[in-house]
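Let me begin by presenting the structure, written as structure tokens, before commenting on it.
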Amino acid sequence: MVRIISIRVLFVLASIYKLYVHQINVKTTFLNEDLKEKMYMKQTKGFILPRNEKKICKSVKFLYGLKKAMKQWHEKFDKSIILNDFHHNSVNKCIYSQFTKDFGVIIWLYVEYMLMFNIDMIGIIEIKRYFNFIFKMKDLGEVDTILGIKVKKHISGYAFNQS
């Protein structure tokens, strides 16, 4: 889990260096990962077929709320991003960075949401393209809300508002 202080530090850096901050969302996050062990569950109320009330369901994908779902999703994301030459932050394993001679990108991961920080749009566009190839993504554009916090970009940087 990303720490709130990490978010603040990244936005301070974004304010100082005039970074673009974009947000993307992974659609059906936990359905991207197959279960490695057998898991059965009761039928969900409202979805029980008549005369099949006693049957159970075999799950083939992770579902939101399963104990191992978050860990499995993070492992899959981690493998895919490390293959693209990203590196973990030594303090927070939910922050990744990649710096080349052409661009530098910092990615902050929170469950299915990602924030991307960059000095220009080149790196952000390339990373969005890469993620769209691997996962089903929804491009949310420039950040406006994260974890219930409204984010507003000003000439002097970013401001948070949590009413």
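In the structure tokens, chains take letters A, B, ... by order of appearance, with residues numbered from 1 within each chain and ligands from 1 in the order shown.
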* Please provide the set of residues having any atom within 8 Å of Gly141 of chain A, restricted to only C-alpha atoms, with same-chain residues fewer than 6 positions apart removed, written as a ChimeraX atom specification. => /A:22-24
Expected file contents, prior selection, C-alpha atoms, as a compact mmCIF listing (two decimals), in the first residue's frame:
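New file result_20.txt:
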```
# COMPACT_ATOMS: atom_id res chain seq x y z
CA HIS A 22 -1.84 11.88 -15.33
CA GLN A 23 -4.05 9.17 -13.95
CA ILE A 24 -5.05 5.82 -15.40
```
* To do: Per DSSP on the backbone, filter chain A down to the residues in alpha helix (DSSP H) and report them as JSON, numbers by chain.
  => {"A": [4, 5, 6, 7, 8, 9, 10, 11, 12, 13, 14, 15, 16, 17, 69, 70, 71, 72, 73, 74, 75, 76, 77, 78, 79, 80, 81, 82, 121, 122, 123, 124, 125, 126, 127, 128, 129, 130, 131, 132, 133, 134]}
* Skipping near chain neighbours, those fewer than 3 positions away, what residues fall within 7 Å of Trp108 of chain A using only C-alpha atoms, listed as a ChimeraX atom specification? -> /A:94-96,114-116
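Rounded to one decimal, atom CA of His88 of chain A and atom CA of Gly104 of chain A lie 13.9 Å from each other.
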* From a DSSP calculation on the backbone, collect every residue of segment 18-150 of chain A in strand (DSSP E) and output the set as a ChimeraX atom specification. => /A:20-26,34-42,56-61,87-88,95-99,104-110,113-118,137-142,145-146,149-150
* Extract, using only C-alpha atoms, all DNA, RNA and protein residues at most 8 Å from Lys27 of chain A, discarding same-chain residues fewer than 2 positions from it, and format them as a list in words. =>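 Within the cut-off, the hits are Asn25, Thr29, Glu112, Phe135, Lys136, Met137 and Lys138 of chain A.
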Next, dump the selected residues to file, keeping only N, CA and C atoms, as an mmCIF file, in the first residue's frame.
```cif
data_model
loop_
_atom_site.group_PDB
_atom_site.id
_atom_site.type_symbol
_atom_site.label_atom_id
_atom_site.label_comp_id
_atom_site.auth_asym_id
_atom_site.auth_seq_id
_atom_site.Cartn_x
_atom_site.Cartn_y
_atom_site.Cartn_z
ATOM 1 N N ASN A 25 -6.586 4.052 -14.912
ATOM 2 C CA ASN A 25 -7.262 3.046 -14.110
ATOM 3 C C ASN A 25 -7.228 1.727 -14.868
ATOM 4 N N THR A 29 -9.408 -5.002 -12.543
ATOM 5 C CA THR A 29 -8.059 -5.260 -12.039
ATOM 6 C C THR A 29 -7.811 -6.708 -11.664
ATOM 7 N N GLU A 112 -5.961 -0.243 -8.289
ATOM 8 C CA GLU A 112 -6.083 -0.232 -9.740
ATOM 9 C C GLU A 112 -5.809 1.139 -10.347
ATOM 10 N N PHE A 135 -2.788 -4.460 -20.171
ATOM 11 C CA PHE A 135 -4.033 -4.468 -19.401
ATOM 12 C C PHE A 135 -5.080 -3.633 -20.123
ATOM 13 N N LYS A 136 -6.339 -3.842 -19.764
ATOM 14 C CA LYS A 136 -7.387 -2.955 -20.244
ATOM 15 C C LYS A 136 -7.362 -1.719 -19.351
ATOM 16 N N MET A 137 -7.106 -0.569 -19.970
ATOM 17 C CA MET A 137 -6.920 0.656 -19.209
ATOM 18 C C MET A 137 -7.989 1.690 -19.540
ATOM 19 N N LYS A 138 -8.236 2.548 -18.586
ATOM 20 C CA LYS A 138 -9.077 3.715 -18.823
ATOM 21 C C LYS A 138 -8.205 4.929 -18.540
#
```
* **Contact residues around segment 147-162 of chain A with only C-alpha atoms at 9 Å, ignoring same-chain residues under 3 positions, as a count of residues only** => 11
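For the pair atom CA of Tyr113 of chain A and atom CA of Thr145 of chain A, the interatomic distance is 11.0 Å.
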